[in-house]
Every structure is written in C-alpha cells, then in structure tokens.
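J.: This is the content of data_7.cif (mmCIF, C-alpha atoms and all ligand atoms):
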```cif
data_structure
#
loop_
_atom_site.label_atom_id
_atom_site.label_comp_id
_atom_site.auth_asym_id
_atom_site.auth_seq_id
_atom_site.Cartn_x
_atom_site.Cartn_y
_atom_site.Cartn_z
CA MET A 45 -54.52 -23.22 2.72
CA ASN A 46 -55.38 -21.14 5.77
CA LEU A 47 -53.92 -17.76 6.55
CA PHE A 48 -51.40 -19.20 9.05
CA LYS A 49 -49.98 -21.62 6.44
CA ILE A 50 -49.88 -18.94 3.78
CA THR A 51 -47.92 -16.70 6.14
CA ILE A 52 -45.40 -19.46 6.89
CA VAL A 53 -44.90 -20.23 3.20
CA PHE A 54 -44.43 -16.54 2.52
CA VAL A 55 -41.84 -16.20 5.27
CA ILE A 56 -39.90 -19.24 3.98
CA ILE A 57 -39.86 -17.91 0.42
CA ALA A 58 -38.86 -14.43 1.58
CA ASN A 59 -36.00 -15.87 3.63
CA SER A 60 -34.67 -18.04 0.86
CA LEU A 61 -34.81 -15.09 -1.52
CA THR A 62 -32.69 -13.03 0.85
CA LEU A 63 -30.23 -15.86 1.34
CA SER A 64 -29.84 -16.53 -2.35
CA GLY A 65 -29.05 -12.85 -2.88
CA GLN A 66 -26.58 -10.45 -1.39
CA GLU A 67 -26.50 -12.05 2.06
CA LYS A 68 -25.44 -15.43 0.73
CA LEU A 69 -22.58 -13.80 -1.15
CA SER A 70 -21.29 -11.92 1.83
CA ASN A 71 -21.56 -15.09 3.91
CA ASP A 72 -19.57 -16.97 1.31
CA LYS A 73 -16.43 -17.90 3.18
CA ARG A 74 -14.98 -20.25 0.58
CA THR A 75 -11.36 -19.66 -0.26
CA LEU A 76 -9.93 -19.16 -3.71
CA LYS A 77 -8.18 -22.51 -3.70
CA GLU A 78 -11.34 -24.37 -2.68
CA SER A 79 -13.31 -22.60 -5.40
CA PHE A 80 -10.82 -23.31 -8.16
CA LYS A 81 -9.72 -26.79 -7.18
CA ASP A 82 -11.66 -28.49 -9.99
CA HIS A 83 -10.47 -25.93 -12.52
CA PHE A 84 -6.81 -24.96 -12.25
CA LEU A 85 -4.16 -24.08 -9.69
CA ILE A 86 -4.44 -20.61 -8.22
CA GLY A 87 -1.20 -19.00 -7.15
CA THR A 88 0.54 -15.86 -6.02
CA ALA A 89 4.01 -14.36 -6.20
CA MET A 90 5.86 -14.00 -2.88
CA ASN A 91 8.10 -11.04 -2.09
CA GLN A 92 11.15 -10.86 0.20
CA GLN A 93 9.18 -9.85 3.32
CA GLN A 94 6.91 -12.83 2.92
CA ILE A 95 9.71 -15.28 2.17
CA ALA A 96 11.63 -13.97 5.19
CA GLY A 97 8.59 -14.70 7.38
CA ILE A 98 8.14 -11.03 8.38
CA ASP A 99 4.83 -10.24 6.71
CA THR A 100 2.76 -12.70 8.72
CA THR A 101 -0.62 -11.35 7.58
CA ALA A 102 0.26 -11.91 3.93
CA ILE A 103 1.64 -15.35 4.78
CA LYS A 104 -1.70 -16.30 6.34
CA ILE A 105 -3.48 -15.20 3.17
CA ILE A 106 -1.07 -17.20 1.02
CA THR A 107 -1.52 -20.43 2.95
CA THR A 108 -5.31 -20.17 3.18
CA GLN A 109 -6.18 -18.81 -0.27
CA PHE A 110 -3.60 -20.17 -2.70
CA ASN A 111 -2.18 -23.55 -3.69
CA SER A 112 0.80 -22.42 -5.75
CA ILE A 113 3.63 -19.92 -5.25
CA VAL A 114 6.34 -18.28 -7.30
CA ALA A 115 9.14 -16.02 -6.04
CA GLU A 116 8.82 -12.46 -7.33
CA ASN A 117 12.60 -12.04 -7.27
CA ALA A 118 14.41 -14.57 -5.08
CA MET A 119 15.21 -17.06 -7.84
CA LYS A 120 16.47 -14.66 -10.48
CA SER A 121 20.07 -15.24 -11.51
CA MET A 122 21.42 -11.94 -10.14
CA TYR A 123 20.38 -13.08 -6.66
CA LEU A 124 21.22 -16.78 -6.96
CA GLN A 125 24.65 -16.33 -8.51
CA PRO A 126 25.79 -12.71 -8.03
CA LYS A 127 29.42 -13.70 -8.68
CA GLU A 128 30.62 -16.51 -10.86
CA GLY A 129 30.46 -19.78 -8.94
CA GLN A 130 29.18 -18.11 -5.75
CA PHE A 131 25.66 -19.32 -5.30
CA ILE A 132 23.50 -17.82 -2.56
CA PHE A 133 20.51 -19.98 -1.74
CA ASP A 134 19.32 -18.56 1.60
CA GLN A 135 16.15 -16.91 0.26
CA SER A 136 15.30 -19.53 -2.31
CA ASP A 137 15.77 -22.34 0.21
CA ARG A 138 13.38 -20.58 2.59
CA PHE A 139 10.91 -20.11 -0.24
CA VAL A 140 11.03 -23.77 -1.29
CA ASP A 141 10.83 -25.01 2.33
CA PHE A 142 7.79 -22.79 2.88
CA GLY A 143 6.10 -24.24 -0.19
CA ILE A 144 6.77 -27.82 0.83
CA LYS A 145 5.68 -27.27 4.43
CA ASN A 146 2.39 -25.73 3.28
CA ASP A 147 1.73 -28.16 0.45
CA LEU A 148 1.93 -25.52 -2.28
CA LYS A 149 2.93 -26.23 -5.87
CA ILE A 150 6.20 -24.34 -6.30
CA ILE A 151 7.09 -22.56 -9.53
CA GLY A 152 10.72 -21.68 -10.20
CA HIS A 153 11.13 -18.27 -11.84
CA THR A 154 13.29 -17.82 -13.85
CA LEU A 155 16.42 -19.53 -15.20
CA ILE A 156 17.40 -17.70 -18.38
CA TRP A 157 16.36 -14.05 -18.70
CA HIS A 158 18.28 -11.12 -20.15
CA SER A 159 17.08 -8.88 -17.32
CA GLN A 160 18.01 -9.20 -13.63
CA ALA A 161 20.97 -11.31 -14.72
CA PRO A 162 24.39 -10.43 -13.27
CA ASP A 163 26.74 -8.58 -15.66
CA TRP A 164 29.54 -11.10 -15.21
CA PHE A 165 27.42 -13.76 -16.89
CA PHE A 166 28.27 -12.45 -20.35
CA LYS A 167 31.77 -11.00 -19.77
CA ASP A 168 35.36 -12.16 -19.42
CA SER A 169 37.81 -10.71 -16.88
CA LEU A 170 38.63 -7.83 -19.25
CA GLY A 171 34.97 -6.88 -19.64
CA ASN A 172 34.62 -8.24 -23.17
CA ASP A 173 31.81 -10.54 -24.28
CA ILE A 174 32.68 -14.18 -23.75
CA GLY A 175 32.48 -16.70 -26.58
CA ARG A 176 29.68 -19.04 -27.50
CA GLU A 177 31.00 -22.17 -25.79
CA ALA A 178 31.82 -20.28 -22.62
CA LEU A 179 28.32 -18.83 -22.37
CA ILE A 180 26.73 -22.22 -23.02
CA SER A 181 28.83 -23.66 -20.26
CA ARG A 182 27.82 -20.86 -17.84
CA MET A 183 24.18 -21.45 -18.72
CA GLU A 184 24.58 -25.17 -18.11
CA LYS A 185 26.30 -24.66 -14.78
CA HIS A 186 23.69 -22.15 -13.59
CA ILE A 187 20.69 -24.21 -14.69
CA LYS A 188 22.00 -27.54 -13.46
CA THR A 189 23.12 -26.17 -10.09
CA VAL A 190 19.81 -24.42 -9.42
CA VAL A 191 17.41 -26.98 -10.87
CA GLY A 192 19.48 -29.83 -9.45
CA ARG A 193 19.35 -28.37 -5.93
CA TYR A 194 15.54 -28.38 -5.98
CA ARG A 195 15.08 -31.55 -7.99
CA GLY A 196 11.77 -33.20 -7.08
CA LYS A 197 10.64 -30.11 -5.16
CA ILE A 198 9.78 -27.65 -7.90
CA TYR A 199 6.57 -28.35 -9.81
CA GLY A 200 7.48 -26.28 -12.86
CA TRP A 201 10.21 -23.93 -14.07
CA ASP A 202 9.98 -20.78 -16.16
CA VAL A 203 13.04 -21.91 -18.08
CA VAL A 204 13.31 -18.97 -20.45
CA ASN A 205 11.71 -15.57 -19.91
CA GLU A 206 10.96 -12.93 -22.57
CA ALA A 207 13.02 -14.17 -25.51
CA PHE A 208 10.91 -12.47 -28.19
CA ASN A 209 10.21 -8.92 -29.30
CA ASP A 210 6.68 -7.60 -29.72
CA ASP A 211 6.95 -8.11 -33.49
CA GLY A 212 7.59 -11.83 -32.93
CA THR A 213 11.30 -11.80 -33.81
CA TRP A 214 14.02 -13.07 -31.49
CA ARG A 215 15.03 -10.46 -28.91
CA ARG A 216 18.66 -9.42 -29.45
CA SER A 217 19.63 -10.40 -25.90
CA LYS A 218 23.20 -11.36 -25.00
CA PHE A 219 22.09 -14.99 -24.99
CA PHE A 220 20.84 -14.66 -28.55
CA GLU A 221 23.71 -12.50 -29.78
CA ILE A 222 26.42 -14.79 -28.45
CA ILE A 223 24.84 -18.24 -28.82
CA GLY A 224 22.15 -17.74 -31.46
CA GLU A 225 18.63 -19.13 -31.18
CA GLU A 226 19.96 -22.46 -29.92
CA PHE A 227 20.28 -20.89 -26.46
CA PHE A 228 16.55 -21.45 -26.10
CA SER A 229 16.48 -25.21 -26.66
CA LEU A 230 19.75 -25.67 -24.76
CA ALA A 231 18.19 -24.05 -21.69
CA PHE A 232 15.27 -26.47 -21.81
CA LYS A 233 17.60 -29.42 -22.39
CA PHE A 234 19.75 -28.55 -19.35
CA ALA A 235 16.69 -28.02 -17.16
CA HIS A 236 15.18 -31.33 -18.22
CA GLU A 237 18.42 -33.18 -17.56
CA ALA A 238 18.63 -31.65 -14.09
CA ASP A 239 15.04 -32.57 -13.13
CA PRO A 240 13.24 -34.86 -15.58
CA GLU A 241 9.99 -34.66 -13.59
CA ALA A 242 9.66 -30.86 -13.50
CA GLN A 243 7.36 -29.13 -15.95
CA LEU A 244 9.12 -26.67 -18.22
CA TYR A 245 7.64 -23.40 -19.44
CA TYR A 246 8.39 -20.47 -21.69
CA ASN A 247 7.10 -17.20 -20.14
CA ASP A 248 6.52 -13.82 -21.81
CA TYR A 249 4.49 -10.58 -21.79
CA ASN A 250 2.35 -9.07 -24.56
CA THR A 251 1.53 -12.57 -25.78
CA ALA A 252 -1.89 -11.32 -26.92
CA LEU A 253 -0.33 -9.16 -29.65
CA THR A 254 -0.89 -10.84 -33.02
CA ALA A 255 2.69 -10.62 -34.27
CA LYS A 256 4.17 -11.77 -30.97
CA ARG A 257 1.65 -14.61 -30.58
CA ASP A 258 2.41 -15.84 -34.11
CA GLY A 259 6.18 -15.41 -33.75
CA ILE A 260 6.31 -17.35 -30.50
CA ALA A 261 4.03 -20.09 -31.83
CA GLU A 262 5.96 -20.50 -35.05
CA LYS A 263 9.36 -20.74 -33.36
CA ILE A 264 8.26 -23.02 -30.55
CA LEU A 265 6.48 -25.33 -32.98
CA LYS A 266 9.66 -25.58 -35.04
CA LEU A 267 11.74 -26.36 -31.94
CA LYS A 268 9.14 -28.85 -30.70
CA LYS A 269 9.36 -30.69 -34.00
CA MET A 270 13.11 -30.88 -33.45
CA GLY A 271 12.50 -32.55 -30.07
CA LEU A 272 12.30 -29.65 -27.60
CA ARG A 273 10.78 -30.81 -24.33
CA ILE A 274 8.41 -28.01 -23.28
CA ASP A 275 5.17 -28.32 -21.32
CA GLY A 276 3.60 -24.93 -21.38
CA ILE A 277 3.61 -21.26 -22.22
CA GLY A 278 3.29 -18.71 -19.45
CA MET A 279 1.18 -15.80 -20.62
CA GLN A 280 2.14 -12.90 -18.38
CA GLN A 281 -0.95 -10.87 -17.63
CA HIS A 282 0.25 -7.39 -16.74
CA ASN A 283 -3.12 -6.02 -17.80
CA SER A 284 -4.78 -2.63 -17.66
CA LEU A 285 -8.52 -2.00 -17.37
CA THR A 286 -8.86 -2.17 -21.14
CA PHE A 287 -5.75 -3.77 -22.61
CA PRO A 288 -5.41 -6.39 -23.95
CA SER A 289 -8.88 -7.31 -25.13
CA ILE A 290 -10.49 -10.57 -24.00
CA GLU A 291 -10.72 -11.63 -27.67
CA GLU A 292 -6.98 -11.28 -28.25
CA ILE A 293 -6.08 -13.12 -25.04
CA GLU A 294 -8.48 -15.87 -26.10
CA LYS A 295 -6.79 -16.21 -29.50
CA SER A 296 -3.45 -16.73 -27.77
CA ILE A 297 -4.80 -19.33 -25.34
CA ASN A 298 -6.19 -21.27 -28.29
CA LYS A 299 -3.09 -20.87 -30.42
CA PHE A 300 -0.65 -22.02 -27.73
CA PHE A 301 -2.88 -24.91 -26.70
CA GLY A 302 -3.05 -25.87 -30.37
CA LEU A 303 0.72 -26.44 -30.29
CA GLY A 304 0.14 -29.24 -27.78
CA LEU A 305 1.05 -27.03 -24.79
CA LYS A 306 -0.73 -26.07 -21.60
CA VAL A 307 -1.23 -22.40 -20.91
CA MET A 308 -0.18 -20.86 -17.58
CA ILE A 309 -1.73 -17.51 -16.75
CA THR A 310 1.19 -15.82 -14.99
CA GLU A 311 1.97 -12.49 -13.32
CA LEU A 312 -1.72 -11.52 -13.28
CA GLU A 313 -2.69 -8.00 -12.21
CA VAL A 314 -4.87 -5.16 -13.50
CA SER A 315 -3.42 -1.65 -13.36
CA VAL A 316 -5.94 1.15 -12.84
CA LEU A 317 -3.44 3.93 -13.57
CA PRO A 318 -2.70 5.58 -16.91
CA TRP A 319 0.37 4.27 -18.67
CA ALA A 320 3.33 6.62 -18.38
CA ASP A 321 6.79 6.62 -19.79
CA SER A 322 9.57 6.38 -17.28
CA GLY A 323 11.44 9.21 -18.99
CA PRO A 324 12.99 12.22 -17.26
CA THR A 325 10.24 13.04 -14.82
CA ALA A 326 11.97 14.71 -11.87
CA GLU A 327 10.77 18.15 -12.85
CA ILE A 328 7.31 17.16 -13.94
CA THR A 329 6.69 14.97 -10.90
CA SER A 330 6.81 18.03 -8.71
CA THR A 331 3.86 19.66 -10.43
CA GLU A 332 0.35 19.18 -9.10
CA ALA A 333 -1.08 18.83 -12.60
CA TYR A 334 1.22 15.91 -13.28
CA ARG A 335 0.26 14.22 -10.04
CA LYS A 336 -3.45 14.50 -10.71
CA LYS A 337 -3.13 13.18 -14.24
CA LEU A 338 -0.77 10.27 -13.71
CA ASP A 339 -1.41 9.44 -10.06
CA PRO A 340 -5.11 10.21 -9.70
CA TYR A 341 -6.04 7.86 -6.82
CA LYS A 342 -3.53 8.91 -4.18
CA ASP A 343 -6.37 9.47 -1.71
CA GLY A 344 -8.28 6.29 -2.47
CA LEU A 345 -9.91 4.44 -5.35
CA PRO A 346 -13.35 5.78 -6.31
CA ASP A 347 -16.15 3.20 -6.18
CA GLU A 348 -16.76 3.40 -9.91
CA ILE A 349 -13.13 2.52 -10.69
CA ASN A 350 -13.20 -0.32 -8.18
CA LYS A 351 -16.32 -1.53 -10.01
CA GLU A 352 -14.47 -1.34 -13.35
CA LEU A 353 -11.60 -3.27 -11.81
CA GLY A 354 -13.98 -5.96 -10.56
CA ASP A 355 -15.73 -6.19 -13.93
CA ARG A 356 -12.39 -6.52 -15.69
CA TYR A 357 -11.28 -9.32 -13.35
CA LEU A 358 -14.63 -11.07 -13.82
CA SER A 359 -14.26 -10.95 -17.62
CA LEU A 360 -10.73 -12.31 -17.35
CA PHE A 361 -11.73 -15.15 -15.02
CA ASN A 362 -14.74 -15.90 -17.18
CA LEU A 363 -12.31 -16.37 -20.07
CA TYR A 364 -9.85 -18.49 -18.06
CA LEU A 365 -12.69 -20.68 -16.77
CA LYS A 366 -14.16 -21.06 -20.24
CA HIS A 367 -10.78 -22.48 -21.30
CA LYS A 368 -10.01 -24.32 -18.07
CA GLU A 369 -9.09 -27.52 -19.94
CA LYS A 370 -6.26 -25.60 -21.57
CA ILE A 371 -5.06 -23.76 -18.47
CA GLY A 372 -2.92 -25.32 -15.76
CA ARG A 373 -2.56 -22.38 -13.39
CA VAL A 374 -3.52 -18.78 -12.77
CA THR A 375 -0.97 -16.85 -10.70
CA LEU A 376 -1.47 -13.34 -9.35
CA TRP A 377 1.58 -11.08 -9.22
CA GLY A 378 1.46 -10.42 -5.50
CA VAL A 379 -0.91 -10.51 -2.53
CA SER A 380 -1.81 -6.94 -1.55
CA ASP A 381 -1.84 -3.63 -3.41
CA LYS A 382 0.73 -2.25 -1.02
CA ASP A 383 3.36 -4.68 -2.31
CA SER A 384 2.74 -4.41 -6.03
CA TRP A 385 5.69 -3.46 -8.23
CA LEU A 386 3.20 -1.27 -10.15
CA ASN A 387 3.43 1.35 -7.39
CA ASN A 388 6.93 1.95 -8.74
CA PHE A 389 6.67 1.03 -12.41
CA PRO A 390 6.94 2.54 -14.96
CA ILE A 391 7.41 5.55 -12.68
CA LYS A 392 8.17 5.57 -8.99
CA GLY A 393 5.91 6.39 -6.09
CA ARG A 394 2.39 6.16 -7.51
CA LYS A 395 -0.56 4.47 -5.81
CA ASN A 396 -1.99 1.56 -7.79
CA TYR A 397 -4.71 -0.95 -6.88
CA PRO A 398 -4.03 -3.97 -9.12
CA LEU A 399 -4.50 -7.03 -6.89
CA PHE A 400 -7.14 -9.02 -4.95
CA PHE A 401 -6.28 -7.71 -1.47
CA ASP A 402 -6.23 -4.05 -0.47
CA ARG A 403 -3.60 -2.24 1.60
CA ASP A 404 -5.22 -3.53 4.80
CA TYR A 405 -5.07 -7.08 3.43
CA MET A 406 -8.85 -7.18 3.02
CA PRO A 407 -10.22 -9.06 0.01
CA LYS A 408 -11.83 -6.65 -2.44
CA SER A 409 -15.57 -6.81 -3.02
CA PHE A 410 -15.18 -8.53 -6.41
CA VAL A 411 -13.24 -11.51 -5.00
CA LYS A 412 -16.44 -13.15 -3.76
CA ASP A 413 -18.00 -12.62 -7.21
CA ILE A 414 -15.06 -14.48 -8.76
CA ILE A 415 -15.63 -17.30 -6.27
CA VAL A 416 -19.32 -17.46 -7.23
CA LEU A 417 -18.36 -17.39 -10.93
CA SER A 418 -16.18 -20.47 -10.43
CA ASP A 419 -19.35 -22.47 -9.52
CA LYS A 420 -20.83 -21.94 -12.97
CA PHE A 421 -17.99 -23.87 -14.54
CA ARG A 422 -18.25 -26.92 -12.31
CA GLU A 423 -19.84 -30.01 -13.83
CA ASN A 424 -23.11 -31.26 -12.25
C1 LIG B 1 8.64 -9.50 -15.68
C2 LIG B 1 9.28 -10.67 -14.96
C3 LIG B 1 8.88 -10.71 -13.53
C4 LIG B 1 8.92 -9.34 -12.90
C5 LIG B 1 8.06 -8.43 -13.66
C6 LIG B 1 7.98 -7.14 -12.91
O1 LIG B 1 7.35 -9.76 -16.02
O2 LIG B 1 8.97 -11.91 -15.53
O3 LIG B 1 9.74 -11.55 -12.84
O4 LIG B 1 10.23 -8.85 -12.84
O5 LIG B 1 8.62 -8.31 -14.94
O6 LIG B 1 7.69 -7.34 -11.56
#
```
Rewrite the structure from the file as structure tokens, please.
T.:
Amino acid sequence: MNLFKITIVFVIIANSLTLSGQEKLSNDKRTLKESFKDHFLIGTAMNQQQIAGIDTTAIKIITTQFNSIVAENAMKSMYLQPKEGQFIFDQSDRFVDFGIKNDLKIIGHTLIWHSQAPDWFFKDSLGNDIGREALISRMEKHIKTVVGRYRGKIYGWDVVNEAFNDDGTWRRSKFFEIIGEEFFSLAFKFAHEADPEAQLYYNDYNTALTAKRDGIAEKILKLKKMGLRIDGIGMQQHNSLTFPSIEEIEKSINKFFGLGLKVMITELEVSVLPWADSGPTAEITSTEAYRKKLDPYKDGLPDEINKELGDRYLSLFNLYLKHKEKIGRVTLWGVSDKDSWLNNFPIKGRKNYPLFFDRDYMPKSFVKDIIVLSDKFREN
C-alpha cells in the first residue's frame, strides 16, 4: 500500500470514528415514537392549554414525538360531571378529537377515583352519605355516560385509580365505605358494558412498595378468578432520583405480569427536588434558608444534577425495555418542565425539572441517549 492509499484509509477510518461517536448522536433526529415503535407505546399527558390549542409549541412536540395521550385533568369526574346529571364534555371532546385527528392512542383517565371527584357524588340533598344502591347507580350512570360517549375512540381506560393504601389494604374511600370492595369490580363491569373493545386498567402509585404490590396482586387475582375483566395495571411512576429502586420496580412488573396482566408505565417523571411536607409553610417559605434547602435550583439545574437525572431516566428505560414484552405503554406526566404539577406539589412555587423537555421546549441532552438505548433492544 503506498502512502497515498494509506492516507485515504486513515481519513476514512478517522471519519467513521467521529461519526459513530458524539457527532452521530447529536445528528440523531429520530423521534421518540419512531424509536420505540417496536417496543411499546410512548405517551404524554396533555394539560388544559394544550387541549385548548393554545400551547402550539407543546402540541407540535406531542404530535411529532408521541403516539399516545392522556388528559392530565380534563376527564376527571369533578370536571365531567360537576353537578349531578350535568355533564360538561367541551374539553374532553376536544381532547378526543385531537387524538383521533393525529392518530394517537387515547387513554381515558380516570373513571372512579376518590380524589378530584365532586362532593355531590357521595351525598344526598341534606348532605348525608347516600346509600349503597344509590352510589352504585351514580357510578353506573357516570361510567356508562362517559365511556359510552367515547365508545370505539378510547384505546384504554384507567377505570379505578388509587384504591389501595401503601400497606396493601383497601383505601377507606367513600366508594369503599359505602359500597364495600365490590365497587371495584362493578366499575370494571360498567366500563366493559359501555365499551367492550376498550382496554381496562387499574392505576396506582407506590406500586413498587412490597406490601402494596402484594396487596394489589392478591386482591386483583381474587377478583380475576371471580371473572373480573381487567387488562392491565398502571404503575404510576412519580419517581425521584433515587426512589424507588430499579429492583423494586422490576419485582412489581414481574408480579403484575404474572397475574396475566399487561403493565402500563404511567405518570412518569423524575423529581430532582427534596421531598417536603405540604404542612404550614407560609412562615418558613419566606426564609432564605428554607428556599435554598427545599428549592435549590431556582436559578437553573447544575450540570451534575442534569447528569444524574439523565442516568436515572436511562436506568428506568433500560428496565422498561428489558421487560418490553410485559409493558404496553410508557406515558410521561407532561411535556415540558414548565407545566409539571411538581412545581406546585407537595409545596407551591418551586422549580422542578422532571420531564424530557426543558422550559424552552428543548429536548434535554439525555433524550437522544434514550433513543440510542432503544436500538439495543431491537431484534436483528
Ligand atoms: C395522581 C393522579 C393523576 C394526577 C397526579 C398529580 O397520580 O392519578 O391524575 O392528579 O396524581 O398530577
């Protein structure tokens, strides 16, 4: 080989090395939905501004990056039926129309939940708790009206949300207190009758806690044996940088799949802020020491924390991809950091950074790494 040829070979190798490294990653323009299409659905929650068509930048991100949507609030019972028999469907109709127009799999969230339910649901005209039959009939009317309206349009419903305590026992909600545990299977029955094609899910947080995982599994298995039609469990992923551990999440994915159910990874986010109680904070919030401790990234997220956030997301996606046969969907709880409920929970007015897109709607540096990771789990 003469010197000219050696030089050419060297240049070619040098170029391909550069391209297979950093440059290739930053040139990687694949979207999330393209990257995950052989694995599972990838979705996001939509807020009011997006559903109303006002936040056009976020809408563009939703239609290019995701293939599934869920309404952060618009389909909760306090908005759909604020007064008995008075259904308001403006927002939810817009949301469903948007999903259909953009070919997105639409998730209905949520039919029966103790929270964000209107007070009247459980009371008579004198303000006393209604009886068992009356509450069952209100549940039936609500579920059948809502599910029936969107029959054939909604891919899957979160039928019941958060029915269990962290120790795995039934939550003493009004539904449970008045009806007993049968409220759970009745909700699924009504939903199935209203749309036999829709998938039906149970959705909850802290599902990686041993006692809660076991409690949910035991009760759902019992109900399944009695004929409950249920397709999946939604594991809410309101995660922090360290909690819950990958091992505990993995145990829950395996346990729920072992019941013959698909797992939906729902409400995914990673909080970078310290946990804080929402107690009486008015006084403390005014002190500088408090601000620094509980709201440390007001002026921006340091690179090392952004790196931790990226590493955490990569570990989570590595786990989801490892179990992709068991997982039907991964849904993020919002598009950009600016919209996240975590800026106001558990205390108001902090600055959190839990999602894939920053406050300027730019994808964070780790998003491309997640896209590259998805390649490793593709056959051939
Ligand atoms: C729960 C609900 C969600 C939402 C979050 C907070 O996880 O399932 O609908 O209200 O709390 O945003």
J.: Just want the 9 Å neighbourhood of region 361-371 of chain A, counted on all atoms listed in the file, with same-chain residues fewer than 6 positions away dropped. Output as a VMD selection string.
T.: chain A and resid 83 to 85 290 293 to 294 297 to 298 301 305 to 309 414 417 to 418 421
J.: Out of A:Val191, A:Ile174, A:Ala89, A:Val374, which residue has the shortest atom-to-atom distance to ligand LIG 1 (chain B) when counting all atoms listed in the file?
T.: A:Ala89
J.: List the spatial neighbours of Gly354 (chain A) as a PDB file with C-alpha atoms, keeping the file's coordinate frame - criterion: any atom at most 8 Å away, all atoms listed in the file, same-chain residues fewer than 2 positions off excluded.
T.:
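For reference, selection.pdb as written:
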```
ATOM      1  CA  ASN A 350     -13.200  -0.320  -8.180  1.00  0.00           C
ATOM      2  CA  LYS A 351     -16.320  -1.530 -10.010  1.00  0.00           C
ATOM      3  CA  GLU A 352     -14.470  -1.340 -13.350  1.00  0.00           C
ATOM      4  CA  ARG A 356     -12.390  -6.520 -15.690  1.00  0.00           C
ATOM      5  CA  TYR A 357     -11.280  -9.320 -13.350  1.00  0.00           C
ATOM      6  CA  LEU A 358     -14.630 -11.070 -13.820  1.00  0.00           C
ATOM      7  CA  SER A 409     -15.570  -6.810  -3.020  1.00  0.00           C
ATOM      8  CA  PHE A 410     -15.180  -8.530  -6.410  1.00  0.00           C
ATOM      9  CA  VAL A 411     -13.240 -11.510  -5.000  1.00  0.00           C
TER      10      VAL A 411
END
```
J.: Within 8 Å of ligand LIG 1 (chain B) (counting only C-alpha atoms and all ligand atoms), which residues show up? I'd like them as an mmCIF file with C-alpha atoms, in the coordinates of the input.
T.:
```
data_model
loop_
_atom_site.group_PDB
_atom_site.id
_atom_site.type_symbol
_atom_site.label_atom_id
_atom_site.label_comp_id
_atom_site.auth_asym_id
_atom_site.auth_seq_id
_atom_site.Cartn_x
_atom_site.Cartn_y
_atom_site.Cartn_z
ATOM 1 C CA GLU A 116 8.820 -12.460 -7.330
ATOM 2 C CA ASN A 117 12.600 -12.040 -7.270
ATOM 3 C CA LYS A 120 16.470 -14.660 -10.480
ATOM 4 C CA HIS A 153 11.130 -18.270 -11.840
ATOM 5 C CA THR A 154 13.290 -17.820 -13.850
ATOM 6 C CA GLN A 160 18.010 -9.200 -13.630
ATOM 7 C CA ASN A 205 11.710 -15.570 -19.910
ATOM 8 C CA GLU A 206 10.960 -12.930 -22.570
ATOM 9 C CA ASN A 247 7.100 -17.200 -20.140
ATOM 10 C CA ASP A 248 6.520 -13.820 -21.810
ATOM 11 C CA TYR A 249 4.490 -10.580 -21.790
ATOM 12 C CA GLN A 280 2.140 -12.900 -18.380
ATOM 13 C CA HIS A 282 0.250 -7.390 -16.740
ATOM 14 C CA GLU A 311 1.970 -12.490 -13.320
ATOM 15 C CA TRP A 377 1.580 -11.080 -9.220
ATOM 16 C CA SER A 384 2.740 -4.410 -6.030
ATOM 17 C CA TRP A 385 5.690 -3.460 -8.230
ATOM 18 C CA LEU A 386 3.200 -1.270 -10.150
#
```
J.: Between CA of Ser136 (chain A) and CA of Asp163 (chain A), what is the distance, to one decimal in Å?
T.: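 Interatomic distance, CA of Ser136 (chain A) to CA of Asp163 (chain A): 20.7 Å.
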J.: How many Å separate CA of Gly372 (chain A) from CA of Ile86 (chain A)?
T.: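 Here the two named atoms are 9.0 Å from each other.
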J.: When you count all atoms listed in the file, which of these residues is closest to Arg373 (chain A): A:Asn209, A:Gln130, A:Ser112, A:Asn91?
T.: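 Looking only at the distances to Arg373 (chain A), the closest residue turns out to be A:Ser112.
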J.: Could you tell me how far CA of Pro390 (chain A) lies from CA of Lys167 (chain A), in Å and to one decimal?
T.: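 So the two atoms, CA of Pro390 (chain A) and CA of Lys167 (chain A), lie 28.7 Å apart.
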J.: Nearest residue to Asp321 (chain A) out of A:Val114, A:Ile274, A:Leu179, A:Leu338, using all atoms listed in the file?
T.: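 Of A:Val114, A:Ile274, A:Leu179, A:Leu338, the one nearest Asp321 (chain A), counting all atoms listed in the file, is A:Leu338.
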J.: Determine the nearest neighbour of Arg74 (chain A) from the options A:Ile391, A:Trp157, A:Lys412, A:Asp210, counting all atoms listed in the file.
T.: A:Lys412
J.: A:Phe110, A:Glu262, A:Asp211, A:Ser159: which is nearest Lys81 (chain A), counting only C-alpha atoms?
T.: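 Of A:Phe110, A:Glu262, A:Asp211, A:Ser159, the one nearest Lys81 (chain A) is A:Phe110, counting only C-alpha atoms.
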J.: Which residue gives the smallest distance to Arg138 (chain A) among A:Asn387, A:Gln93, A:Thr213, A:Ser380, with only C-alpha atoms counted?
T.: A:Gln93
J.: Using only C-alpha atoms, determine which residues lie at most 9 Å from Lys185 (chain A), disregarding the query and same-chain residues fewer than 4 positions distant; provide the list as a PyMOL selection string.
T.: chain A and resi 129+180-181+189-190+234
J.: Extract, using only C-alpha atoms, all DNA, RNA and protein residues at most 7 Å from Ser296 (chain A), discarding same-chain residues fewer than 5 positions from it, and format them as a ChimeraX atom specification.
T.: /A:251-252,257
J.: What's around Leu155 (chain A) at 8 Å? Count only C-alpha atoms, leave out sequence neighbours fewer than 4 positions away in its own chain, and write the answer as a ChimeraX atom specification.
T.: /A:119-121,186-187,201-205
